[in-house]
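Structure data (CSV, C-alpha atoms and all ligand atoms) from upload_18.csv:
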```csv
chain,number,residue,atom,x,y,z
M,1248,MET,CA,-0.5,16.5,26.5
M,1249,THR,CA,1.2,13.4,25.3
M,1250,THR,CA,0.2,9.8,24.9
M,1251,PRO,CA,2.9,7.3,25.9
M,1252,ALA,CA,4.2,5.3,23.0
M,1253,GLN,CA,3.0,1.7,23.0
M,1254,PRO,CA,5.7,-0.9,22.5
M,1255,THR,CA,3.4,-3.3,20.8
M,1256,LEU,CA,3.7,-2.3,17.1
M,1257,THR,CA,5.2,-5.0,15.0
M,1258,ALA,CA,6.9,-4.7,11.6
M,1259,ALA,CA,3.7,-5.8,9.9
M,1260,ASP,CA,1.8,-3.2,11.9
M,1261,ARG,CA,4.2,-0.5,10.7
M,1262,ALA,CA,3.8,-1.7,7.1
M,1263,HIS,CA,0.0,-1.3,7.3
M,1264,LEU,CA,0.4,2.1,9.0
M,1265,ARG,CA,2.7,3.2,6.2
M,1266,ARG,CA,-0.1,2.4,3.7
M,1267,CYS,CA,-2.5,4.5,5.9
M,1268,VAL,CA,-0.2,7.5,5.8
M,1269,GLN,CA,0.0,7.1,2.0
M,1270,LEU,CA,-3.8,7.1,1.7
M,1271,ALA,CA,-3.8,10.2,4.0
M,1272,ARG,CA,-1.4,11.9,1.6
M,1273,GLU,CA,-3.7,11.0,-1.4
M,1274,ALA,CA,-6.6,12.5,0.5
M,1275,LEU,CA,-4.8,15.7,1.1
M,1276,ASP,CA,-3.6,15.9,-2.5
M,1277,ALA,CA,-7.3,15.4,-3.6
M,1278,GLY,CA,-8.5,18.3,-1.5
M,1279,ASP,CA,-9.8,16.2,1.4
M,1280,GLU,CA,-8.3,15.9,5.0
M,1281,PRO,CA,-5.3,13.7,5.5
M,1282,PHE,CA,-6.6,10.6,7.0
M,1283,GLY,CA,-6.4,7.0,5.7
M,1284,SER,CA,-7.4,3.6,7.1
M,1285,LEU,CA,-7.5,-0.1,6.3
M,1286,LEU,CA,-9.1,-3.3,7.5
M,1287,VAL,CA,-6.9,-6.4,7.8
M,1288,ASP,CA,-8.4,-9.8,8.4
M,1289,ALA,CA,-7.2,-12.6,10.7
M,1290,THR,CA,-5.0,-14.0,7.8
M,1291,GLY,CA,-3.2,-10.6,7.5
M,1292,ALA,CA,-5.0,-9.7,4.2
M,1293,VAL,CA,-6.1,-6.2,3.5
M,1294,ARG,CA,-9.8,-6.5,2.9
M,1295,PHE,CA,-10.9,-2.8,2.6
M,1296,GLU,CA,-9.2,0.6,2.6
M,1297,ASP,CA,-10.4,4.1,2.2
M,1298,ARG,CA,-9.4,7.7,2.8
M,1299,ASN,CA,-11.1,10.8,4.1
M,1300,ARG,CA,-13.7,12.2,1.6
M,1301,VAL,CA,-15.2,15.3,3.4
M,1302,ALA,CA,-14.4,17.9,0.7
M,1303,GLY,CA,-17.8,17.1,-1.0
M,1304,GLY,CA,-19.5,18.6,2.1
M,1305,ASP,CA,-20.4,15.5,4.1
M,1306,ALA,CA,-18.2,15.8,7.3
M,1307,THR,CA,-19.0,12.2,8.3
M,1308,ARG,CA,-17.1,10.7,5.4
M,1309,HIS,CA,-14.3,9.4,7.6
M,1310,PRO,CA,-12.5,6.2,6.4
M,1311,GLU,CA,-12.9,4.5,9.8
M,1312,PHE,CA,-16.7,5.0,9.5
M,1313,GLU,CA,-16.7,3.6,6.0
M,1314,ILE,CA,-14.7,0.6,7.3
M,1315,ALA,CA,-17.3,-0.1,10.0
M,1316,ARG,CA,-20.2,0.0,7.6
M,1317,TRP,CA,-18.3,-2.1,5.0
M,1318,ALA,CA,-17.5,-4.7,7.7
M,1319,ALA,CA,-21.2,-4.8,8.8
M,1320,ALA,CA,-22.2,-5.5,5.3
M,1321,ASN,CA,-19.5,-7.9,4.3
M,1322,LEU,CA,-18.1,-9.8,7.3
M,1323,ASP,CA,-19.7,-12.1,9.8
M,1324,ALA,CA,-19.4,-11.4,13.6
M,1325,ALA,CA,-16.4,-13.7,14.1
M,1326,ALA,CA,-14.5,-12.2,11.1
M,1327,ARG,CA,-15.3,-8.7,12.4
M,1328,ARG,CA,-14.0,-9.6,15.9
M,1329,SER,CA,-10.7,-10.8,14.5
M,1330,ALA,CA,-10.2,-7.9,12.1
M,1331,VAL,CA,-7.7,-5.2,12.9
M,1332,VAL,CA,-8.2,-1.6,11.7
M,1333,TYR,CA,-5.1,0.5,10.9
M,1334,THR,CA,-5.4,4.2,10.6
M,1335,SER,CA,-3.2,7.2,10.2
M,1336,GLY,CA,-5.0,9.1,13.0
M,1337,GLU,CA,-6.8,7.7,16.0
M,1338,HIS,CA,-10.6,7.3,15.6
M,1339,CYS,CA,-12.8,10.2,16.4
M,1340,PRO,CA,-15.7,9.4,18.8
M,1341,MET,CA,-18.1,8.8,15.9
M,1342,CYS,CA,-15.8,6.3,14.3
M,1343,SER,CA,-14.9,4.7,17.7
M,1344,ALA,CA,-18.6,4.1,18.4
M,1345,ALA,CA,-19.2,2.7,14.9
M,1346,HIS,CA,-16.2,0.4,15.3
M,1347,ALA,CA,-17.5,-0.9,18.6
M,1348,TRP,CA,-21.1,-1.2,17.5
M,1349,VAL,CA,-20.2,-3.5,14.6
M,1350,GLY,CA,-17.9,-5.5,16.8
M,1351,LEU,CA,-14.5,-4.9,15.2
M,1352,GLY,CA,-11.2,-5.9,16.9
M,1353,ARG,CA,-8.0,-4.1,17.5
M,1354,ILE,CA,-7.2,-0.5,16.4
M,1355,VAL,CA,-3.6,0.5,15.5
M,1356,TYR,CA,-3.0,4.2,14.8
M,1357,ALA,CA,0.1,6.2,13.6
M,1358,ALA,CA,-0.9,9.4,15.4
M,1359,SER,CA,-3.1,9.8,18.5
M,1360,SER,CA,-6.0,12.2,19.0
M,1361,ALA,CA,-4.0,13.8,21.8
M,1362,GLN,CA,-1.2,14.5,19.3
M,1363,LEU,CA,-3.6,16.0,16.8
M,1364,VAL,CA,-5.1,18.3,19.4
M,1365,ALA,CA,-1.7,19.4,20.6
M,1366,TRP,CA,-0.6,20.2,17.0
M,1367,ARG,CA,-3.8,22.1,16.3
M,1368,THR,CA,-3.4,24.1,19.5
M,1369,GLU,CA,0.2,24.9,18.6
M,1370,TRP,CA,-1.0,26.1,15.2
M,1371,GLY,CA,-3.7,28.3,16.7
M,1372,ILE,CA,-6.6,26.3,15.2
M,1373,ALA,CA,-10.0,26.3,17.1
M,1374,PRO,CA,-11.2,23.0,18.4
M,1375,GLY,CA,-13.7,21.1,16.1
M,1376,PRO,CA,-17.3,20.4,17.0
M,1377,VAL,CA,-16.6,16.9,18.4
M,1378,ALA,CA,-14.4,16.3,21.5
M,1379,ALA,CA,-11.2,14.5,20.6
M,1380,LEU,CA,-11.7,11.6,23.1
M,1381,PRO,CA,-9.3,8.6,23.0
M,1382,VAL,CA,-10.9,5.4,21.6
M,1383,ASN,CA,-11.1,3.8,25.0
M,1384,GLN,CA,-13.1,6.6,26.5
M,1385,VAL,CA,-15.8,5.9,23.9
M,1386,ALA,CA,-15.3,2.1,23.5
M,1387,PRO,CA,-13.5,0.7,26.6
M,1388,GLY,CA,-13.3,-2.8,25.3
M,1389,ILE,CA,-11.2,-2.2,22.2
M,1390,GLU,CA,-7.5,-3.0,22.3
M,1391,VAL,CA,-5.5,-0.1,20.9
M,1392,ALA,CA,-1.9,0.5,19.9
M,1393,GLY,CA,0.0,3.6,18.9
M,1394,PRO,CA,1.2,6.2,18.2
M,1395,ASP,CA,4.2,5.3,16.1
M,1396,PRO,CA,6.9,8.0,16.7
M,1397,GLU,CA,8.3,8.0,13.2
M,1398,LEU,CA,5.0,7.8,11.3
M,1399,SER,CA,3.2,10.3,13.5
M,1400,THR,CA,5.9,12.8,12.4
M,1401,GLU,CA,4.8,12.2,8.8
M,1402,VAL,CA,1.1,12.6,9.8
M,1403,ARG,CA,2.0,15.9,11.6
M,1404,GLU,CA,3.5,17.2,8.4
M,1405,LEU,CA,0.4,16.3,6.4
M,1406,HIS,CA,-1.8,18.2,8.9
M,1407,ARG,CA,0.5,21.1,8.8
M,1408,ARG,CA,0.0,21.3,5.1
M,1409,LEU,CA,-3.8,21.0,5.5
M,1410,HIS,CA,-3.9,24.0,7.8
M,1411,ALA,CA,-1.4,26.0,5.8
M,1412,ARG,CA,-3.8,25.5,2.9
M,1413,GLN,CA,-6.8,26.5,4.9
M,1414,GLY,CA,-5.0,29.6,6.2
G,1501,ZN,ZN,-14.0,9.7,12.5
```
Represent the structure of the file as structure tokens.
Amino acid sequence: MTTPAQPTLTAADRAHLRRCVQLAREALDAGDEPFGSLLVDATGAVRFEDRNRVAGGDATRHPEFEIARWAAANLDAAARRSAVVYTSGEHCPMCSAAHAWVGLGRIVYAASSAQLVAWRTEWGIAPGPVAALPVNQVAPGIEVAGPDPELSTEVRELHRRLHARQG
């Protein structure tokens, strides 16, 4: 199962994705799962960033979900519509729904959900409790771009380390 590479990533997109992968690495090093995300406004400024924080026992502590809630509390509707969310791994259905409900704009990811599923299958890991649907199956109106061939390789390595740690 592969997702065709999208030719629409710019140098600025890649720079933001690199920061997401760095946040994912920080999450892994802190005992959480390797996911990181950021919200960039229409001027190109990073307004909010977070990383996965599920190790404390709350499995909904995904950075994309935190971004949606931060945006709802801090940005008006026009600012949310023009904001772009960058993320190391494509949104899960929970986060895709939150993104769409609060009216955020484009999503750019380094690795796709299809890639993550393929890696987990290759490593013999049982599927999680939530189907790994692509963003557009949950939120059809959201423009998406990704994966990035080079950065998705780095994301793969972080997930390999996670699963090696979990045994
Ligand atoms: Zn999520």
Q) Neighbours of ligand ZN 1501 (chain G) within 6 Å, counting only C-alpha atoms and all ligand atoms, as an NGL selection string? A) :M and (1309 or 1311 or 1338-1339 or 1341-1342)
Q: Give me the residues within 9 Å of Val1385 of chain M as a list in words, counting all atoms listed in the file and dropping any in the same chain fewer than 4 places off.
A: Pro1340, Met1341, Ser1343, Ala1344, Ala1347, Leu1380 and Pro1381 of chain M
(Q) Could you check which residues have any atom within 12 Å of (-11.4, 14.9, -0.3), counting only C-alpha atoms with coordinates taken straight from the file, and then list them as a ChimeraX atom specification? (A) /M:1270-1283,1297-1310,1409
For the residues in that selection, give me C-alpha atoms as a short mmCIF file (atom, residue, chain, number, x, y, z; two decimals), in the frame of the given file.
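Writing done, so here's selection-v9.cif:
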```cif
data_model
loop_
_atom_site.label_atom_id
_atom_site.label_comp_id
_atom_site.auth_asym_id
_atom_site.auth_seq_id
_atom_site.Cartn_x
_atom_site.Cartn_y
_atom_site.Cartn_z
CA LEU M 1270 -3.80 7.10 1.70
CA ALA M 1271 -3.80 10.20 4.00
CA ARG M 1272 -1.40 11.90 1.60
CA GLU M 1273 -3.70 11.00 -1.40
CA ALA M 1274 -6.60 12.50 0.50
CA LEU M 1275 -4.80 15.70 1.10
CA ASP M 1276 -3.60 15.90 -2.50
CA ALA M 1277 -7.30 15.40 -3.60
CA GLY M 1278 -8.50 18.30 -1.50
CA ASP M 1279 -9.80 16.20 1.40
CA GLU M 1280 -8.30 15.90 5.00
CA PRO M 1281 -5.30 13.70 5.50
CA PHE M 1282 -6.60 10.60 7.00
CA GLY M 1283 -6.40 7.00 5.70
CA ASP M 1297 -10.40 4.10 2.20
CA ARG M 1298 -9.40 7.70 2.80
CA ASN M 1299 -11.10 10.80 4.10
CA ARG M 1300 -13.70 12.20 1.60
CA VAL M 1301 -15.20 15.30 3.40
CA ALA M 1302 -14.40 17.90 0.70
CA GLY M 1303 -17.80 17.10 -1.00
CA GLY M 1304 -19.50 18.60 2.10
CA ASP M 1305 -20.40 15.50 4.10
CA ALA M 1306 -18.20 15.80 7.30
CA THR M 1307 -19.00 12.20 8.30
CA ARG M 1308 -17.10 10.70 5.40
CA HIS M 1309 -14.30 9.40 7.60
CA PRO M 1310 -12.50 6.20 6.40
CA LEU M 1409 -3.80 21.00 5.50
#
```
Q.
Counting all atoms listed in the file, which residue out of M:Thr1368, M:Ser1360, M:Thr1290, M:Thr1334 sits closest to His1263 of chain M?
A. M:Thr1334
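Of the residues under consideration (M:Asn1383, M:Arg1266, M:Glu1337, M:Asp1323), M:Glu1337 shows the shortest atom-to-atom contact distance to Tyr1356 of chain M when counting only C-alpha atoms.
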